[in-house]
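Below: the structure, in structure tokens.
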Amino acid sequence: MALEMFRKEETLAMRKKLIGQSCRLFYSDDPVKIVRARGQYLYDENGKRYLDCISNVQHVGHCHPSITQAATTQMELLNANSRFLHDNIVQYADRLAATLPDKLRVFYFVNSGSEANDLALRLAHQYTQHEDVIVLDHAYHGHLTSLIDISPYKFQKLTGQKEWVHVAPIPDIYRGIFREDHPNPAQAYADTVKDVIDKVHQKGRKVSAFFSESLPSVGGQILLPKGYSTKVAEYVRSAGGVFVADEVQTGFGRVGSHFWAFQLQGDDFSPDIVTMGKPMGNGHPLSCVATTAEIAGAFTANGVEYFNTFGGNPVSCAIGLAVLDVIEKEDLRGNSSRVGGHLLDRLQHDPFGDTVGLFVGLEMVTDKEQRTPATDAAAQVVRRLKEEYICVSTDGPWENIVKFKPPMCFSMEDADLVADRIHHILTERLTPNPTDCRCKC
């Protein structure tokens, strides 16, 4: 039985009445009502097609037939509490293990990136028996209370910084404290984490974990200088802590050259805990924590059973397996590298950073020397692209970065369309008019 279709105005009025107003819509001044989608395209109630450059969650494409078929087939057969023995969860864990460093061989399946990061915190606390956590400035790790506490992006607007949370500078070599002209920015930024650790110890406290997105997203689409994570992990482990890599946004081949963004740091680097989420189920709620046998053993040894009613259920794991199959069969990592590189080539006002697949930020400034954020101009670009039926959004501390994290089936033709439209918009008079654009990542 088909659900009743409301007119856009009715839907918007009902949403304003029934849904919390802190749950904001894209294009809140004039929302787009989407009624169906396929691949990298969204369709509104009038059948108009939009190119989707936002939905990194629909990793292999909206409504991919292989994913919907896997979900339907398993749902018709069985979907049960994950405490019943079933093949799917162990088959899926085995497939994930093949993509990760050898030491990361124990998995906990949950339902969202926030759940995964919350569990990672618990694992770190239990293993180290320490409390304090170090995070990067502007970081965002989820919406649970425990994660708001370690997300400067959120807590700076709310209750403020907790005593057990410590913030290190984000290693941004474009506008950070150490820039592209520094001889060794990776070491310099890693040393700022060492300074934080020393200050923690001076207060008589101990470090439990260092949390970092492998490519900070809300912080501004940042490509960490190579070698940074390796050195930070050395400092953190020497202090008795663990290194947690948040791959919720960037995992599953988005960077193209590697399956996980933390692998950009080099073959010799491995986190102690990896969290994953958004793209994992292609829109189905599925996430995971991967860790070492030692950390998992300490968690088990506390004598408190951990279970998650829906995490790792047969349907979720069937979908997760299908996503892995599509990534491989359709060479989506290769496509990400090729199309992401082409998009950067086409947006080369002033390229900055290396190509890392379909994780691209176009940073807009009003002054090339001062690097003054062009926040209003970036917002205008987003609005103008919407008028061209292209969906993008902004990010970064000043919301001056137009970000591109589309489904991985994004094509060369899509990249050309986006680049052409942006070039056209930037040749017109924006207020204020940006004098420089840099492609990040």
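In the structure tokens, each chain is lettered A, B, ... as it comes, each chain's residues begin at 1, and ligands are numbered from 1 in order of appearance.
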Return as CSV the residues of segment 213-267 of chain A lying at most 9 Å from segment 277-283 of chain A, together with the closest atom-to-atom pair for each and the distance in Å to one decimal, counting only C-alpha atoms, with rows in chain order and ascending residue number.
```
residue,atom,partner,partner_atom,distance
A:Glu247,CA,A:Gly277,CA,7.4
A:Val248,CA,A:Gly277,CA,4.5
A:Gln249,CA,A:Lys278,CA,6.2
A:Thr250,CA,A:Pro279,CA,8.4
A:Gly251,CA,A:Pro279,CA,7.5
A:Phe252,CA,A:Pro279,CA,7.1
```
Distance query Gly297 of chain A at most 12 Å, only C-alpha atoms, self and fewer than 4 positions along chain excluded, as a VMD selection string: chain A and resid 105 to 107 123 to 124 126 to 128 291 to 293 301 to 303
In terms of the shortest atom-to-atom distance over only C-alpha atoms, which of A:Ala379, A:Cys391, A:Leu347, A:Val167 is closest to His423 of chain A? A:Leu347
Calculated over only C-alpha atoms, which of the candidates A:Arg15, A:Lys203, A:Arg49, A:His284 has the smallest distance to Ala70 of chain A? A:His284
Which neighbours of segment 338-346 of chain A fall inside 6 Å, counting only C-alpha atoms, when residues of the same chain fewer than 2 positions from it are skipped, and could you give them as a count of residues only? 9
Rows by chain and residue number, segment 207-306 of chain A within 12 Å of segment 199-202 of chain A, shortest pair, only C-alpha atoms, as a Markdown table:
```
| residue | atom | partner | partner_atom | distance |
| --- | --- | --- | --- | --- |
| A:Val207 | CA | A:Val200 | CA | 7.3 |
| A:Ser208 | CA | A:Val200 | CA | 10.9 |
| A:Val236 | CA | A:Val200 | CA | 11.6 |
| A:Ala239 | CA | A:His201 | CA | 8.9 |
| A:Gly240 | CA | A:His201 | CA | 11.3 |
```
Contacts of His125 of chain A within 8 Å, only C-alpha atoms, excl. fewer than 5 positions in-chain, as a PyMOL selection string: chain A and resi 130-131+208-209
Export N, CA and C atoms of the chosen residues as a compact mmCIF listing (two decimals), in the first residue's frame?
```txt
# COMPACT_ATOMS: atom_id res chain seq x y z
N HIS A 130 42.55 4.75 32.38
CA HIS A 130 42.74 6.19 32.45
C HIS A 130 41.46 6.86 31.94
N GLU A 131 41.34 8.14 32.19
CA GLU A 131 40.11 8.85 31.82
C GLU A 131 40.30 9.86 30.70
N SER A 208 43.92 8.45 28.32
CA SER A 208 43.28 7.21 27.89
C SER A 208 43.38 7.04 26.38
N ALA A 209 43.08 8.11 25.62
CA ALA A 209 43.03 7.96 24.17
C ALA A 209 43.26 9.29 23.46
```
Which polymer residues have any atom within 6 Å of an atom of segment 321-330 of chain A, counting only C-alpha atoms, with same-chain residues fewer than 3 positions away left out, as a list in words? Ile67, Tyr92 and Ala318 of chain A
For the residues in that selection, give me all heavy atoms as a short mmCIF file (atom, residue, chain, number, x, y, z; two decimals), in the first residue's frame.
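Wrote part-v6.cif, looks like this:
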```
data_model
loop_
_atom_site.label_atom_id
_atom_site.label_comp_id
_atom_site.auth_asym_id
_atom_site.auth_seq_id
_atom_site.Cartn_x
_atom_site.Cartn_y
_atom_site.Cartn_z
N ILE A 67 22.21 -3.94 -3.38
CA ILE A 67 22.02 -3.71 -1.95
C ILE A 67 20.57 -3.97 -1.57
O ILE A 67 20.28 -4.64 -0.57
CB ILE A 67 22.41 -2.27 -1.56
CG1 ILE A 67 23.81 -1.91 -2.11
CG2 ILE A 67 22.34 -2.10 -0.06
CD1 ILE A 67 24.91 -2.83 -1.69
N TYR A 92 30.97 -11.38 7.60
CA TYR A 92 31.21 -9.95 7.41
C TYR A 92 32.45 -9.50 8.16
O TYR A 92 33.30 -8.76 7.62
CB TYR A 92 29.98 -9.16 7.85
CG TYR A 92 30.04 -7.69 7.50
CD1 TYR A 92 30.65 -7.24 6.33
CD2 TYR A 92 29.46 -6.74 8.35
CE1 TYR A 92 30.68 -5.89 6.02
CE2 TYR A 92 29.48 -5.39 8.04
CZ TYR A 92 30.11 -4.97 6.88
OH TYR A 92 30.15 -3.64 6.57
N ALA A 318 24.13 -8.74 5.88
CA ALA A 318 23.93 -9.05 4.46
C ALA A 318 24.12 -7.80 3.61
O ALA A 318 24.73 -7.84 2.52
CB ALA A 318 22.53 -9.64 4.25
#
```
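Between Asn308 of chain A and the residues A:Tyr27, A:Phe259, A:Tyr108, A:Phe404, the shortest atom-to-atom distance, using only C-alpha atoms, involves A:Tyr108.
DSSP, applied to the backbone of this structure, assigns strand (DSSP E or B) to the following residues of segment 347-439 of chain A: Pro351, Phe352, Val360, Gly361, Leu362, Glu363, Met364, Val365, Thr366, Asp367, Thr372, Pro373, Ile390, Cys391, Ser393, Thr394, Asp395, Ile401, Val402, Lys403, Phe404, Asp436, Cys437, Arg438 and Cys439 of chain A.
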Could you write out the selected residues, including N, CA, C and O atoms, as a compact mmCIF listing (two decimals), in the first residue's frame?
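Printed below is part.txt as written:
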```txt
# COMPACT_ATOMS: atom_id res chain seq x y z
N PRO A 351 45.44 24.81 -6.73
CA PRO A 351 45.36 23.50 -6.07
C PRO A 351 46.19 23.46 -4.80
O PRO A 351 47.26 24.05 -4.72
N PHE A 352 45.68 22.72 -3.82
CA PHE A 352 46.36 22.64 -2.53
C PHE A 352 46.14 21.26 -1.95
O PHE A 352 45.02 20.86 -1.68
N VAL A 360 36.70 16.06 -1.39
CA VAL A 360 37.29 17.27 -1.95
C VAL A 360 36.65 18.50 -1.30
O VAL A 360 35.43 18.56 -1.12
N GLY A 361 37.48 19.46 -0.96
CA GLY A 361 36.99 20.73 -0.44
C GLY A 361 37.53 21.88 -1.26
O GLY A 361 38.72 21.94 -1.56
N LEU A 362 36.64 22.79 -1.64
CA LEU A 362 37.03 24.01 -2.36
C LEU A 362 36.96 25.16 -1.37
O LEU A 362 35.89 25.64 -1.02
N GLU A 363 38.13 25.59 -0.87
CA GLU A 363 38.18 26.64 0.14
C GLU A 363 38.18 28.01 -0.54
O GLU A 363 39.01 28.30 -1.40
N MET A 364 37.28 28.87 -0.09
CA MET A 364 37.12 30.18 -0.70
C MET A 364 37.55 31.26 0.28
O MET A 364 37.15 31.25 1.46
N VAL A 365 38.40 32.19 -0.21
CA VAL A 365 38.89 33.29 0.62
C VAL A 365 38.75 34.60 -0.13
O VAL A 365 38.69 34.63 -1.36
N THR A 366 38.71 35.70 0.63
CA THR A 366 38.60 37.02 0.01
C THR A 366 39.94 37.69 -0.15
O THR A 366 40.05 38.70 -0.85
N ASP A 367 40.96 37.16 0.51
CA ASP A 367 42.30 37.74 0.44
C ASP A 367 43.31 36.62 0.40
O ASP A 367 43.44 35.85 1.35
N THR A 372 41.61 35.20 4.26
CA THR A 372 40.37 35.56 4.94
C THR A 372 39.22 34.72 4.40
O THR A 372 38.96 34.71 3.19
N PRO A 373 38.50 33.99 5.26
CA PRO A 373 37.43 33.10 4.78
C PRO A 373 36.33 33.87 4.06
O PRO A 373 35.85 34.90 4.54
N ILE A 390 22.21 21.10 -8.63
CA ILE A 390 23.38 20.41 -8.09
C ILE A 390 23.40 20.65 -6.59
O ILE A 390 23.37 21.81 -6.14
N CYS A 391 23.43 19.59 -5.81
CA CYS A 391 23.39 19.70 -4.35
C CYS A 391 24.79 19.59 -3.76
O CYS A 391 25.45 18.55 -3.89
N SER A 393 27.21 21.35 -0.15
CA SER A 393 27.08 22.04 1.13
C SER A 393 28.43 22.61 1.52
O SER A 393 29.44 22.39 0.82
N THR A 394 28.46 23.34 2.62
CA THR A 394 29.71 23.93 3.09
C THR A 394 30.14 23.29 4.41
O THR A 394 29.35 22.65 5.10
N ASP A 395 31.41 23.49 4.73
CA ASP A 395 31.97 22.94 5.96
C ASP A 395 33.13 23.81 6.40
O ASP A 395 33.49 24.78 5.73
N ILE A 401 34.16 26.45 3.01
CA ILE A 401 34.65 25.36 2.18
C ILE A 401 33.47 24.65 1.54
O ILE A 401 32.61 24.10 2.24
N VAL A 402 33.39 24.70 0.23
CA VAL A 402 32.37 23.95 -0.51
C VAL A 402 32.88 22.51 -0.62
O VAL A 402 33.93 22.26 -1.18
N LYS A 403 32.12 21.58 -0.03
CA LYS A 403 32.62 20.22 0.07
C LYS A 403 31.91 19.29 -0.91
O LYS A 403 30.74 19.47 -1.23
N PHE A 404 32.68 18.30 -1.36
CA PHE A 404 32.16 17.30 -2.29
C PHE A 404 32.45 15.91 -1.72
O PHE A 404 33.60 15.49 -1.64
N ASP A 436 40.36 34.11 -4.25
CA ASP A 436 41.17 32.89 -4.31
C ASP A 436 40.34 31.70 -3.91
O ASP A 436 39.51 31.78 -3.01
N CYS A 437 40.52 30.60 -4.62
CA CYS A 437 39.89 29.33 -4.26
C CYS A 437 40.97 28.27 -4.26
O CYS A 437 41.75 28.19 -5.20
N ARG A 438 41.00 27.46 -3.25
CA ARG A 438 41.99 26.39 -3.15
C ARG A 438 41.27 25.07 -3.00
O ARG A 438 40.37 24.92 -2.18
N CYS A 439 41.69 24.09 -3.79
CA CYS A 439 41.15 22.75 -3.66
C CYS A 439 41.93 22.01 -2.58
O CYS A 439 43.15 21.87 -2.66
```
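Nearest residue to Val90 of chain A, choosing from A:Pro314, A:Asp416, A:Thr427, A:Leu18 and counting only C-alpha atoms: A:Pro314.
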Polymer residues at most 8 Å from Asp272 of chain A, only C-alpha atoms, same-chain spacing of 5 or more positions, as a list in words: Leu104, Val242, Phe243, Val244, Ala245, Thr291 and Thr292 of chain A
Report as a count of residues only all protein, DNA and RNA residues lying within 9 Å of Ser114 of chain A, evaluated on only C-alpha atoms, omitting residues in the same chain fewer than 6 positions from it. 8
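When only C-alpha atoms are used to measure the gap to Leu332 of chain A, the shortest distance among A:Thr230, A:Ser146, A:Ser411, A:Asn79 belongs to A:Ser411.
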